[in-house]
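Engineer: Structure file model_38.cif (mmCIF, C-alpha atoms and all ligand atoms) is given on the next line.
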data_query
loop_
_atom_site.label_atom_id
_atom_site.label_comp_id
_atom_site.auth_asym_id
_atom_site.auth_seq_id
_atom_site.Cartn_x
_atom_site.Cartn_y
_atom_site.Cartn_z
CA MET G 1 26.23 5.03 8.50
CA SER G 2 23.10 6.80 7.24
CA LYS G 3 20.53 4.72 5.41
CA ASP G 4 19.05 5.34 1.95
CA LYS G 5 15.57 6.86 1.80
CA LEU G 6 12.80 4.58 0.57
CA VAL G 7 10.20 6.59 -1.37
CA ILE G 8 6.66 5.63 -0.41
CA PHE G 9 4.37 6.05 -3.42
CA ASP G 10 0.71 5.61 -2.53
CA THR G 11 -1.65 4.59 -5.33
CA THR G 12 -4.86 4.13 -3.32
CA LEU G 13 -6.50 6.88 -5.39
CA ARG G 14 -5.49 5.28 -8.71
CA ASP G 15 -4.84 1.52 -8.55
CA GLY G 16 -6.88 1.25 -5.33
CA GLU G 17 -9.77 2.95 -7.08
CA GLN G 18 -9.58 0.37 -9.89
CA SER G 19 -11.10 -2.22 -7.49
CA PRO G 20 -14.62 -2.78 -8.76
CA GLY G 21 -16.92 -0.75 -6.50
CA ALA G 22 -14.22 1.53 -5.05
CA SER G 23 -14.71 4.62 -7.24
CA MET G 24 -14.23 7.91 -5.42
CA ASP G 25 -15.38 11.40 -6.30
CA LYS G 26 -13.07 14.40 -6.20
CA GLU G 27 -13.95 15.52 -2.66
CA GLU G 28 -13.39 11.99 -1.35
CA LYS G 29 -10.05 11.82 -3.13
CA LEU G 30 -9.00 15.15 -1.63
CA GLU G 31 -9.98 14.04 1.87
CA ILE G 32 -7.88 10.88 1.54
CA ALA G 33 -4.99 12.82 -0.06
CA GLN G 34 -4.98 15.24 2.89
CA GLN G 35 -4.71 12.29 5.25
CA LEU G 36 -1.87 10.80 3.16
CA GLU G 37 -0.07 14.16 3.21
CA LYS G 38 -0.41 14.27 7.01
CA MET G 39 1.14 10.79 7.10
CA ARG G 40 4.05 12.22 5.03
CA VAL G 41 3.58 9.95 2.02
CA ASP G 42 6.19 11.02 -0.57
CA VAL G 43 4.15 10.55 -3.75
CA ILE G 44 0.37 10.37 -4.12
CA GLU G 45 -0.92 8.94 -7.39
CA ALA G 46 -4.22 10.82 -7.51
CA GLY G 47 -5.76 9.18 -10.57
CA PHE G 48 -5.67 8.62 -14.31
CA ALA G 49 -6.52 12.10 -15.58
CA VAL G 50 -7.64 11.05 -19.08
CA ALA G 51 -10.00 8.36 -17.72
CA SER G 52 -12.97 10.70 -17.26
CA PRO G 53 -13.76 14.38 -16.76
CA GLY G 54 -14.39 13.58 -13.08
CA ASP G 55 -10.98 11.98 -12.66
CA PHE G 56 -9.31 14.93 -14.39
CA GLU G 57 -11.04 17.22 -11.87
CA ALA G 58 -10.01 14.97 -9.00
CA VAL G 59 -6.32 14.93 -9.99
CA LYS G 60 -6.48 18.70 -10.47
CA LEU G 61 -8.15 19.30 -7.09
CA VAL G 62 -5.57 17.17 -5.32
CA ALA G 63 -2.69 18.81 -7.24
CA ASP G 64 -3.98 22.30 -6.43
CA ASN G 65 -4.39 21.61 -2.72
CA ILE G 66 -1.70 19.21 -1.56
CA LYS G 67 1.62 20.93 -1.10
CA ASP G 68 3.90 18.58 0.84
CA SER G 69 3.61 15.40 -1.25
CA THR G 70 4.38 14.98 -4.95
CA ILE G 71 1.14 14.50 -6.92
CA CYS G 72 1.16 12.08 -9.81
CA SER G 73 -1.19 11.13 -12.64
CA LEU G 74 -0.99 7.92 -14.63
CA SER G 75 -1.13 7.98 -18.44
CA ARG G 76 -0.74 5.46 -21.22
CA ALA G 77 2.17 5.98 -23.60
CA VAL G 78 -0.19 8.07 -25.68
CA ALA G 79 0.29 11.80 -26.38
CA LYS G 80 -3.27 12.78 -25.43
CA ASP G 81 -3.09 10.96 -22.05
CA ILE G 82 0.22 12.62 -21.24
CA GLU G 83 -0.97 16.10 -22.21
CA VAL G 84 -4.15 15.71 -20.14
CA ALA G 85 -2.09 14.48 -17.16
CA GLY G 86 0.22 17.49 -17.57
CA ASP G 87 -2.79 19.84 -17.61
CA ALA G 88 -4.30 18.31 -14.47
CA LEU G 89 -0.98 18.67 -12.65
CA LYS G 90 -0.33 22.31 -13.58
CA GLY G 91 -1.18 23.62 -10.10
CA ALA G 92 1.00 21.12 -8.23
CA ASN G 93 3.88 22.25 -6.06
CA SER G 94 5.60 19.08 -7.15
CA GLY G 95 3.97 17.08 -9.95
CA ARG G 96 4.87 13.80 -11.65
CA ILE G 97 3.68 12.30 -14.92
CA HIS G 98 3.70 8.51 -14.80
CA THR G 99 3.58 6.89 -18.22
CA PHE G 100 3.58 3.18 -18.96
CA ILE G 101 3.52 0.60 -21.71
CA ALA G 102 3.46 -3.18 -21.53
CA THR G 103 6.74 -5.00 -22.19
CA SER G 104 5.83 -8.69 -21.89
CA PRO G 105 5.67 -10.76 -25.10
CA LEU G 106 2.08 -11.70 -24.21
CA HIS G 107 0.85 -8.12 -23.77
CA MET G 108 2.80 -6.76 -26.75
CA LYS G 109 1.47 -9.44 -29.09
CA TYR G 110 -2.15 -9.79 -28.03
CA LYS G 111 -3.09 -6.54 -26.31
CA LEU G 112 -0.99 -3.82 -27.90
CA GLN G 113 -0.54 -5.74 -31.17
CA MET G 114 2.81 -4.01 -31.57
CA GLN G 115 6.32 -5.17 -32.41
CA PRO G 116 8.86 -4.84 -29.55
CA ASP G 117 10.78 -2.13 -31.43
CA GLU G 118 7.58 -0.12 -31.86
CA VAL G 119 6.97 -0.39 -28.12
CA ILE G 120 10.43 1.01 -27.41
CA GLU G 121 9.89 3.84 -29.87
CA GLN G 122 6.52 4.74 -28.34
CA ALA G 123 7.94 4.61 -24.81
CA VAL G 124 10.83 6.94 -25.68
CA LYS G 125 8.53 9.38 -27.49
CA SER G 126 6.13 9.39 -24.54
CA VAL G 127 8.82 9.96 -21.93
CA SER G 128 10.27 12.82 -24.01
CA LEU G 129 6.84 14.42 -24.33
CA ALA G 130 6.19 14.00 -20.61
CA ARG G 131 9.56 15.58 -19.81
CA SER G 132 8.67 18.58 -21.94
CA LEU G 133 5.66 19.11 -19.63
CA CYS G 134 7.06 18.09 -16.26
CA ASP G 135 10.54 17.61 -14.72
CA ASP G 136 9.53 14.53 -12.78
CA VAL G 137 8.66 11.58 -15.05
CA GLU G 138 8.15 7.95 -14.08
CA PHE G 139 8.08 5.13 -16.62
CA SER G 140 6.60 1.67 -15.97
CA CYS G 141 7.14 -1.56 -17.87
CA GLU G 142 3.65 -2.98 -17.45
CA ASP G 143 3.67 -6.76 -16.85
CA ALA G 144 7.40 -6.59 -16.06
CA GLY G 145 6.91 -9.74 -13.98
CA ARG G 146 6.44 -11.68 -17.24
CA SER G 147 8.78 -9.62 -19.43
CA GLU G 148 12.15 -10.69 -20.82
CA LEU G 149 15.11 -9.23 -18.96
CA ASP G 150 17.10 -8.36 -22.11
CA PHE G 151 14.15 -6.47 -23.55
CA MET G 152 13.56 -4.56 -20.32
CA CYS G 153 17.26 -3.61 -20.23
CA ARG G 154 16.95 -2.16 -23.74
CA ILE G 155 13.79 -0.15 -23.18
CA ILE G 156 14.78 1.11 -19.73
CA GLU G 157 18.20 2.34 -20.87
CA GLN G 158 16.49 4.36 -23.60
CA VAL G 159 13.73 5.85 -21.44
CA ILE G 160 16.31 6.92 -18.87
CA ASP G 161 18.22 8.66 -21.67
CA ALA G 162 14.92 10.30 -22.66
CA GLY G 163 14.53 11.71 -19.13
CA ALA G 164 12.65 9.20 -16.94
CA ARG G 165 13.89 9.57 -13.37
CA THR G 166 11.89 6.73 -11.80
CA ILE G 167 11.69 3.30 -13.40
CA ASN G 168 8.88 1.15 -12.12
CA ILE G 169 8.90 -2.63 -12.51
CA PRO G 170 5.33 -3.81 -11.88
CA ASP G 171 4.43 -7.39 -11.23
CA THR G 172 1.10 -6.51 -12.81
CA VAL G 173 -0.57 -9.89 -12.37
CA GLY G 174 1.08 -10.96 -9.10
CA TYR G 175 2.90 -13.86 -10.76
CA ASN G 176 6.39 -13.52 -9.27
CA LEU G 177 7.94 -15.15 -6.21
CA PRO G 178 10.10 -13.06 -3.84
CA GLU G 179 13.52 -14.45 -4.83
CA GLN G 180 12.72 -14.26 -8.53
CA TYR G 181 11.36 -10.70 -8.36
CA ALA G 182 14.28 -9.46 -6.23
CA ASN G 183 16.68 -11.02 -8.70
CA THR G 184 15.00 -9.16 -11.58
CA ILE G 185 15.47 -5.84 -9.78
CA GLN G 186 19.10 -6.63 -8.99
CA GLN G 187 19.86 -7.70 -12.56
CA LEU G 188 18.25 -4.60 -14.05
CA ILE G 189 20.23 -2.28 -11.78
CA GLU G 190 23.49 -4.15 -12.48
CA ARG G 191 23.06 -4.53 -16.23
CA ILE G 192 21.59 -1.20 -17.38
CA PRO G 193 24.56 1.16 -17.95
CA ASN G 194 22.68 4.35 -16.89
CA SER G 195 20.70 2.76 -14.02
CA ASP G 196 22.37 5.13 -11.55
CA LYS G 197 20.41 8.02 -13.10
CA ALA G 198 17.05 6.63 -11.96
CA ILE G 199 15.32 5.32 -8.86
CA PHE G 200 14.08 1.76 -9.32
CA SER G 201 10.55 1.24 -8.07
CA VAL G 202 8.37 -1.78 -7.37
CA HIS G 203 4.63 -2.21 -7.80
CA CYS G 204 3.36 -5.63 -6.76
CA HIS G 205 -0.05 -7.21 -7.00
CA ASN G 206 -1.36 -9.72 -4.53
CA ASP G 207 -2.83 -12.49 -6.70
CA LEU G 208 -0.73 -15.10 -4.86
CA GLY G 209 -0.70 -13.17 -1.57
CA LEU G 210 2.94 -12.18 -2.16
CA ALA G 211 2.72 -8.45 -2.91
CA VAL G 212 4.35 -7.29 0.33
CA ALA G 213 6.92 -10.11 0.40
CA ASN G 214 7.92 -9.38 -3.21
CA SER G 215 8.20 -5.64 -2.53
CA LEU G 216 10.37 -6.14 0.53
CA ALA G 217 12.61 -8.68 -1.21
CA ALA G 218 13.15 -6.13 -3.99
CA VAL G 219 14.05 -3.39 -1.50
CA GLN G 220 16.82 -5.63 -0.23
CA LYS G 221 18.20 -5.81 -3.77
CA GLY G 222 18.18 -2.08 -4.49
CA ALA G 223 14.60 -0.88 -5.13
CA ARG G 224 14.22 2.58 -3.58
CA GLN G 225 10.53 3.28 -4.22
CA VAL G 226 7.61 1.06 -3.23
CA GLU G 227 4.18 1.57 -4.75
CA CYS G 228 1.46 0.51 -2.37
CA THR G 229 -2.07 1.23 -1.17
CA ILE G 230 -3.88 1.69 2.10
CA ASN G 231 -5.47 -1.59 3.25
CA GLY G 232 -3.90 -3.27 0.19
CA LEU G 233 -6.77 -2.01 -1.97
CA GLY G 234 -6.30 -2.47 -5.73
CA GLU G 235 -7.05 -4.43 -8.89
CA ARG G 236 -8.29 -8.00 -8.25
CA ALA G 237 -6.60 -9.22 -5.02
CA GLY G 238 -5.07 -5.77 -4.49
CA ASN G 239 -1.65 -4.17 -4.19
CA ALA G 240 1.07 -4.33 -1.55
CA SER G 241 -0.37 -2.75 1.56
CA LEU G 242 1.33 0.48 2.63
CA GLU G 243 0.92 -0.22 6.33
CA GLU G 244 2.57 -3.64 6.07
CA VAL G 245 5.50 -2.43 3.95
CA VAL G 246 6.15 0.58 6.20
CA MET G 247 5.87 -1.32 9.47
CA ALA G 248 8.08 -4.16 8.21
CA ILE G 249 10.80 -1.60 7.41
CA LYS G 250 10.32 0.17 10.76
CA THR G 251 10.11 -3.01 12.82
CA ARG G 252 13.12 -4.73 11.24
CA PRO G 253 15.81 -2.03 10.87
CA ASP G 254 18.33 -4.84 11.32
CA PHE G 255 17.23 -6.20 7.95
CA PHE G 256 16.81 -3.14 5.72
CA ASP G 257 19.33 -0.49 4.59
CA VAL G 258 16.54 2.04 4.06
CA GLU G 259 14.36 4.35 6.12
CA VAL G 260 10.93 5.83 5.50
CA ASP G 261 9.63 9.29 6.44
CA ILE G 262 6.09 8.08 7.23
CA ASP G 263 4.42 9.31 10.44
CA THR G 264 3.03 5.91 11.34
CA ARG G 265 0.59 7.31 13.95
CA HIS G 266 -1.69 8.26 11.04
CA ILE G 267 -1.89 4.72 9.65
CA VAL G 268 -5.03 3.52 11.45
CA PRO G 269 -7.08 6.73 10.93
CA THR G 270 -6.15 6.63 7.23
CA SER G 271 -7.13 2.98 6.94
CA GLN G 272 -10.48 3.73 8.58
CA LEU G 273 -11.09 6.69 6.29
CA VAL G 274 -10.35 4.63 3.15
CA SER G 275 -12.63 1.88 4.41
CA LYS G 276 -15.44 4.36 5.10
CA VAL G 277 -15.11 6.15 1.75
CA THR G 278 -14.90 3.00 -0.38
CA GLY G 279 -17.25 0.85 1.69
CA PHE G 280 -14.60 -1.92 1.74
CA PRO G 281 -14.42 -3.32 5.29
CA VAL G 282 -11.05 -4.23 6.81
CA GLN G 283 -10.90 -7.88 7.85
CA PRO G 284 -10.40 -8.24 11.63
CA ASN G 285 -7.17 -10.22 11.29
CA LYS G 286 -5.60 -7.82 8.76
CA ALA G 287 -2.01 -6.98 9.82
CA ILE G 288 -1.57 -3.58 11.53
CA VAL G 289 -5.04 -2.14 10.81
CA GLY G 290 -7.42 -5.04 11.53
CA ASP G 291 -9.47 -4.83 14.73
CA ASN G 292 -7.66 -7.85 16.15
CA ALA G 293 -4.12 -6.82 15.16
CA PHE G 294 -3.39 -5.76 18.75
CA ALA G 295 -6.09 -7.71 20.64
CA HIS G 296 -5.55 -10.75 22.88
CA GLU G 297 -8.16 -13.23 24.07
CA SER G 298 -6.02 -16.21 25.09
CA GLY G 299 -5.12 -16.40 28.75
CA ILE G 300 -1.48 -17.34 28.22
CA HIS G 301 -0.96 -14.43 25.82
CA GLN G 302 -2.85 -11.99 28.06
CA ASP G 303 -0.80 -13.04 31.06
CA GLY G 304 2.41 -12.57 29.04
CA VAL G 305 1.42 -9.15 27.70
CA LEU G 306 0.29 -7.95 31.14
CA LYS G 307 3.68 -8.92 32.55
CA HIS G 308 5.75 -7.65 29.60
CA ARG G 309 4.15 -6.41 26.40
CA GLU G 310 6.86 -7.66 24.03
CA THR G 311 6.09 -11.30 24.89
CA TYR G 312 3.34 -11.28 22.26
CA GLU G 313 3.60 -7.92 20.48
CA ILE G 314 6.28 -6.89 17.99
CA MET G 315 4.91 -3.36 17.48
CA LYS G 316 3.12 -0.87 19.73
CA ALA G 317 -0.55 -0.28 18.95
CA GLU G 318 -0.08 3.44 19.72
CA ASP G 319 2.71 3.74 17.13
CA VAL G 320 0.31 2.93 14.28
CA GLY G 321 -2.55 5.04 15.57
CA TRP G 322 -4.60 2.74 17.82
CA ALA G 323 -5.46 4.18 21.25
CA ASN G 324 -4.05 1.07 22.91
CA ASN G 325 -3.80 -2.70 22.65
CA ARG G 326 -6.86 -4.64 23.85
CA MET G 327 -7.57 -7.52 26.19
CA VAL G 328 -10.77 -9.29 25.18
CA LEU G 329 -12.29 -11.59 27.76
CA GLY G 330 -13.59 -14.88 26.37
CA LYS G 331 -13.52 -18.61 26.92
CA HIS G 332 -9.76 -18.78 26.32
CA SER G 333 -8.94 -16.10 28.89
CA GLY G 334 -7.22 -16.80 32.19
CA ARG G 335 -7.43 -15.56 35.75
CA ASN G 336 -4.79 -12.85 35.45
CA ALA G 337 -6.54 -11.04 32.61
CA PHE G 338 -9.92 -11.50 34.31
CA LYS G 339 -8.65 -9.99 37.53
CA SER G 340 -6.85 -7.14 35.78
CA HIS G 341 -9.90 -6.27 33.66
CA LEU G 342 -12.16 -6.18 36.69
CA ALA G 343 -9.64 -3.98 38.49
CA GLU G 344 -9.99 -1.52 35.57
CA LEU G 345 -13.75 -1.59 36.23
CA GLY G 346 -13.04 -0.75 39.88
CA VAL G 347 -13.60 -4.27 41.25
CA GLN G 348 -11.07 -5.65 43.77
CA PHE G 349 -11.49 -9.20 45.09
CA GLU G 350 -11.19 -9.53 48.85
CA ASN G 351 -9.71 -13.00 48.70
CA ASN G 352 -8.74 -15.77 46.32
CA GLU G 353 -11.94 -17.72 46.98
CA ASP G 354 -14.10 -14.84 45.67
CA LEU G 355 -11.90 -14.55 42.58
CA LYS G 356 -12.09 -18.31 41.98
CA GLU G 357 -15.86 -18.37 42.26
CA ALA G 358 -16.36 -15.39 39.91
CA PHE G 359 -13.89 -16.89 37.44
CA VAL G 360 -15.79 -20.20 37.32
CA ALA G 361 -19.05 -18.32 36.65
CA PHE G 362 -17.29 -16.29 33.93
CA LYS G 363 -15.96 -19.42 32.16
CA LYS G 364 -19.43 -20.94 32.20
CA LEU G 365 -20.92 -17.81 30.64
CA ALA G 366 -18.09 -17.60 28.08
CA ASP G 367 -18.95 -21.11 26.86
CA GLU G 368 -22.47 -19.91 26.15
CA LYS G 369 -21.97 -16.33 24.98
CA HIS G 370 -19.86 -15.05 22.10
CA ASP G 371 -19.10 -11.53 23.35
CA ILE G 372 -18.67 -10.95 27.05
CA LEU G 373 -19.53 -7.36 27.94
CA ASP G 374 -18.44 -5.38 30.98
CA GLU G 375 -22.01 -5.47 32.22
CA ASP G 376 -21.93 -9.32 32.10
CA LEU G 377 -18.80 -9.27 34.25
CA LEU G 378 -20.28 -6.83 36.74
CA LYS G 379 -23.41 -8.99 37.00
CA ILE G 380 -21.26 -12.03 37.84
CA VAL G 381 -19.34 -10.12 40.48
CA ASN G 382 -22.44 -8.56 42.04
CA ARG G 383 -24.06 -12.00 42.28
C1 LIG I 1 -2.10 -2.43 -14.98
C2 LIG I 1 -2.91 -1.19 -14.85
O1 LIG I 1 -3.43 -0.90 -13.82
S1 LIG I 1 -3.01 -0.23 -16.22
C3 LIG I 1 -4.17 1.01 -15.81
C4 LIG I 1 -5.55 0.50 -15.92
N1 LIG I 1 -6.49 1.54 -15.65
C5 LIG I 1 -7.44 1.90 -16.49
O2 LIG I 1 -7.58 1.35 -17.58
C6 LIG I 1 -8.37 2.96 -16.01
C7 LIG I 1 -8.56 4.11 -16.99
N2 LIG I 1 -8.82 3.69 -18.33
C8 LIG I 1 -9.75 4.28 -19.13
O3 LIG I 1 -10.50 5.15 -18.73
C9 LIG I 1 -9.78 3.89 -20.57
O4 LIG I 1 -9.34 2.55 -20.71
C10 LIG I 1 -8.88 4.85 -21.44
C11 LIG I 1 -9.48 6.24 -21.41
C12 LIG I 1 -7.44 4.90 -20.91
C13 LIG I 1 -8.81 4.36 -22.87
O5 LIG I 1 -10.11 4.16 -23.31
P1 LIG I 1 -10.41 3.72 -24.85
O6 LIG I 1 -9.73 4.68 -25.76
O7 LIG I 1 -11.87 3.59 -24.99
O8 LIG I 1 -9.64 2.33 -25.07
P2 LIG I 1 -9.90 0.91 -24.37
O9 LIG I 1 -9.84 1.06 -22.90
O10 LIG I 1 -11.11 0.27 -24.91
O11 LIG I 1 -8.64 0.08 -24.89
C14 LIG I 1 -7.35 0.43 -24.51
C15 LIG I 1 -6.52 0.86 -25.73
O12 LIG I 1 -5.27 1.39 -25.25
C16 LIG I 1 -4.18 0.58 -25.70
N3 LIG I 1 -3.21 0.60 -24.64
C17 LIG I 1 -3.27 -0.07 -23.47
N4 LIG I 1 -2.23 0.27 -22.71
C18 LIG I 1 -1.52 1.16 -23.40
C19 LIG I 1 -0.34 1.87 -23.11
N5 LIG I 1 0.25 1.73 -21.94
N6 LIG I 1 0.14 2.72 -24.03
C20 LIG I 1 -0.48 2.87 -25.23
N7 LIG I 1 -1.61 2.22 -25.56
C21 LIG I 1 -2.12 1.37 -24.65
C22 LIG I 1 -4.81 -0.77 -25.97
O13 LIG I 1 -4.02 -1.53 -26.84
C23 LIG I 1 -6.12 -0.34 -26.60
O14 LIG I 1 -5.85 0.13 -27.90
P3 LIG I 1 -6.88 -0.09 -29.15
O15 LIG I 1 -8.09 0.72 -28.81
O16 LIG I 1 -6.13 0.46 -30.30
O17 LIG I 1 -7.15 -1.55 -29.22
C1 LIG I 2 0.51 0.82 -14.73
C2 LIG I 2 1.21 0.04 -13.70
C3 LIG I 2 1.99 0.89 -12.76
C4 LIG I 2 0.28 -0.84 -12.95
O1 LIG I 2 -0.62 -0.41 -12.27
C5 LIG I 2 0.53 -2.27 -13.02
O2 LIG I 2 1.28 -2.71 -13.91
O3 LIG I 2 -0.04 -3.02 -12.21
#
Could you express the structure from this file as structure tokens?
Structural biologist:
Amino acid sequence: MSKDKLVIFDTTLRDGEQSPGASMDKEEKLEIAQQLEKMRVDVIEAGFAVASPGDFEAVKLVADNIKDSTICSLSRAVAKDIEVAGDALKGANSGRIHTFIATSPLHMKYKLQMQPDEVIEQAVKSVSLARSLCDDVEFSCEDAGRSELDFMCRIIEQVIDAGARTINIPDTVGYNLPEQYANTIQQLIERIPNSDKAIFSVHCHNDLGLAVANSLAAVQKGARQVECTINGLGERAGNASLEEVVMAIKTRPDFFDVEVDIDTRHIVPTSQLVSKVTGFPVQPNKAIVGDNAFAHESGIHQDGVLKHRETYEIMKAEDVGWANNRMVLGKHSGRNAFKSHLAELGVQFENNEDLKEAFVAFKKLADEKHDILDEDLLKIVNR
């Protein structure tokens, strides 16, 4: 039986850019967008066109140049924002206007200072306007994670009638837990009479470290678009990381009824490009794209991987764009990795005694020195 497609919506250039210090100019945005297109990302949110003249130009440049991915601009539920987004997207092969308004009691009362019925009216008006400018319109219930289900059912039914084809349910402040969030998605799809006319999307923040878990739980309950960013960049603690979502779906096909089109071999180069452009380093133990994600220093693990890679690796480094996995020699390493590494350097031990002696010298050095280099090993052997 064929699986449903999961739409991968990358918002590195919009929500990712909202991380303090991560602003990008239009050429930088285009360079990243080209890399995302190569990776076969379905939708690229290129910015918030009304935010500044520079961001308008950036969305326009991306829209004019990227042809294989849909290009999207965010806009408040405000006519001017939507019109400016529509203008920036005019040159797109496939453009999307994404409009949003907050639906939680807290945001409606204190931030928008609007009555719930006024929020519905403004949402419907905005979606209709967006549809008059663009066939592809997404609507988000900002702070959905703290919104009332009955109210979301009402507003979503009406924006679908007004022409929204993607309905996004953001956990804007990363407050939800996986079971709770997945249940919200399931309930919305079951209860809204016209839910079959839209794709339900998720957009999770990582304030409790649950953005990826929440997104994946929602996919199991019917979400068919995930909004995510490279390296998990984004407001505060960030968004769900694209590489983790994609590789979880790819690695556990037994668990998910969906497939993604992403060419995963571009993941690591894209992560490195985003890190270089934003100046945000990737932590070494970051899943998939961290320097240590496919590195082994412990002897027992190295021995296992040398005998059969799957003993300690659930993915292949090459599949996500690393050249290979890595064996790092250090104080936890064992004889098998030591011998194998020296063989790669062209050193063969004549007998076990020689190996034993070199290994003892190596362990002594490893207790004293943090990073053991090939030249350190060759010195030991030559001695
Ligand atoms: C959860 C998210 O990530 S939402 C996206 C957040 N991203 C950004 O804010 C980046 C881009 N933003 C900006 O450049 C600016 O905030 C602008 C251009 C959108 C608006 O700037 P300003 O007009 O100066 O307004 P300011 O930012 O001070 O306040 C926001 C106003 O929009 C209103 N507003 C907020 N969200 C929405 C919405 N979705 N729809 C309609 N109005 C909204 C607020 O209530 C407030 O209205 P008020 O001025 O009547 O009090
Ligand atoms: C505007 C929406 C999509 C958002 O970024 C959020 O709620 O976090």
Engineer: Measuring between only C-alpha atoms and all ligand atoms, which one of G:Trp322, G:Phe349, G:Phe338, G:Phe56 shows the shortest distance to ligand LIG 1 (chain I)?
Structural biologist: G:Phe56
Engineer: Write as a ChimeraX atom specification the residues around ligand LIG 1 (chain I), taking 8 Å as the cut-off and counting only C-alpha atoms and all ligand atoms.
Structural biologist: /G:14-15,18,48,50-52,74-78,81,99-102,111-113,122,142-143,172,235
Engineer: Need to verify the contact set: Met39 of chain G, 9 Å, only C-alpha atoms, exclusion of same-chain residues closer than 2 positions in sequence. Can you return it as a list in words?
Structural biologist: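 The residues satisfying every condition are Gln34, Gln35, Leu36, Glu37, Val41, Asp261, Ile262, Asp263, Thr264, Arg265, His266, Ile267 and Thr270 of chain G.
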Engineer: With only C-alpha atoms as the atoms that count, which of G:Thr311, G:Asn352, G:Ser271, G:Asn324 lies nearest to Phe294 of chain G?
Structural biologist: G:Asn324
Engineer: Name the residues in contact with Ser128 of chain G at a cut-off of 10 Å, using only C-alpha atoms, excluding same-chain residues fewer than 2 positions from it; report them as a PyMOL selection string.
Structural biologist: chain G and resi 122-126+130-134+137+159-164
Engineer: Rounded to one decimal in Å, what is the spacing between atom CA of Ile120 of chain G and atom CA of Thr103 of chain G?
Structural biologist: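 Here the two named atoms are 8.8 Å from each other.
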Engineer: G:Arg383, G:Arg191, G:Lys286, G:Arg252: which is nearest Cys153 of chain G, counting only C-alpha atoms?
Structural biologist: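 Ranked by minimum distance to Cys153 of chain G, first place goes to G:Arg191.
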Engineer: Which of these, G:Ala88, G:Leu30, G:Ile167, G:Leu61, has the shortest distance to ligand LIG 2 (chain I) once you count all atoms listed in the file?
Structural biologist: G:Ile167
Engineer: Give me the residues near Val212 of chain G as a PyMOL selection string, where near means some atom within 9 Å (using all atoms listed in the file) and where sequence neighbours in that chain fewer than 5 positions away do not count.
Structural biologist: chain G and resi 204-206+217+228+239-242+244-245
Engineer: Which one of G:Arg40, G:Val260, G:Lys197, G:Gly174 sits closest to Gly238 of chain G if you count all atoms listed in the file?
Structural biologist: G:Gly174
Engineer: Taking 6 positions as the minimum chain separation for residues in the same chain, which residues sit within 10 Å of Asp117 of chain G when counting all atoms listed in the file? Answer as number ranges by chain.
Structural biologist: G: 123, 151, 154-155
Engineer: How big is the axis-aligned box around the listed atoms of ligand LIG 2 (chain I) once 4 Å is added on each side, and where is its centre? Give both in Å to one decimal, as AutoDock Vina command-line options.
Structural biologist:
--center_x 0.7 --center_y -1.1 --center_z -13.5 --size_x 10.6 --size_y 11.9 --size_z 10.5
Engineer: Can you work out which one of G:Glu259, G:Asp303, G:Asp291, G:Asp64 has the shortest atom-to-atom distance to Gly91 of chain G, counting only C-alpha atoms?
Structural biologist: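 Of G:Glu259, G:Asp303, G:Asp291, G:Asp64, the one nearest Gly91 of chain G is G:Asp64, counting only C-alpha atoms.
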Engineer: At a cut-off of 12 Å, using only C-alpha atoms, what residues contact Ser298 of chain G? Leave out same-chain residues fewer than 6 positions from it and give the result as number ranges by chain.
Structural biologist: G: 304-305, 312, 326-338
Engineer: Could you save the residues just selected, with C-alpha atoms, as a PDB file, keeping the file's coordinate frame?
Structural biologist:
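Generated output (again.pdb):
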ATOM      1  CA  GLY G 304       2.410 -12.570  29.040  1.00  0.00           C
ATOM      2  CA  VAL G 305       1.420  -9.150  27.700  1.00  0.00           C
ATOM      3  CA  TYR G 312       3.340 -11.280  22.260  1.00  0.00           C
ATOM      4  CA  ARG G 326      -6.860  -4.640  23.850  1.00  0.00           C
ATOM      5  CA  MET G 327      -7.570  -7.520  26.190  1.00  0.00           C
ATOM      6  CA  VAL G 328     -10.770  -9.290  25.180  1.00  0.00           C
ATOM      7  CA  LEU G 329     -12.290 -11.590  27.760  1.00  0.00           C
ATOM      8  CA  GLY G 330     -13.590 -14.880  26.370  1.00  0.00           C
ATOM      9  CA  LYS G 331     -13.520 -18.610  26.920  1.00  0.00           C
ATOM     10  CA  HIS G 332      -9.760 -18.780  26.320  1.00  0.00           C
ATOM     11  CA  SER G 333      -8.940 -16.100  28.890  1.00  0.00           C
ATOM     12  CA  GLY G 334      -7.220 -16.800  32.190  1.00  0.00           C
ATOM     13  CA  ARG G 335      -7.430 -15.560  35.750  1.00  0.00           C
ATOM     14  CA  ASN G 336      -4.790 -12.850  35.450  1.00  0.00           C
ATOM     15  CA  ALA G 337      -6.540 -11.040  32.610  1.00  0.00           C
ATOM     16  CA  PHE G 338      -9.920 -11.500  34.310  1.00  0.00           C
TER      17      PHE G 338
END
Engineer: For the atom pair atom CA of Val59 of chain G and atom CA of Ala144 of chain G, what is the interatomic distance in Å to one decimal place?
Structural biologist: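 Between atom CA of Val59 of chain G and atom CA of Ala144 of chain G the gap is 26.2 Å.
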Engineer: Rounded to one decimal, what separation in Å do you get between atom CA of Asp171 of chain G and atom CA of Leu149 of chain G?
Structural biologist: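 Separating atom CA of Asp171 of chain G from atom CA of Leu149 of chain G is a distance of 13.3 Å.
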Engineer: Can you find the residues with an atom no farther than 8 Å from (6.6, -13.3, -16.4), counting all atoms listed in the file, and report them as a CSV table (one decimal) with C-alpha atoms, in the coordinates of the input?
Structural biologist:
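And here's selection.csv as it stands now:
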chain,number,residue,atom,x,y,z
G,104,SER,CA,5.8,-8.7,-21.9
G,143,ASP,CA,3.7,-6.8,-16.8
G,144,ALA,CA,7.4,-6.6,-16.1
G,145,GLY,CA,6.9,-9.7,-14.0
G,146,ARG,CA,6.4,-11.7,-17.2
G,147,SER,CA,8.8,-9.6,-19.4
G,148,GLU,CA,12.2,-10.7,-20.8
G,175,TYR,CA,2.9,-13.9,-10.8
G,176,ASN,CA,6.4,-13.5,-9.3
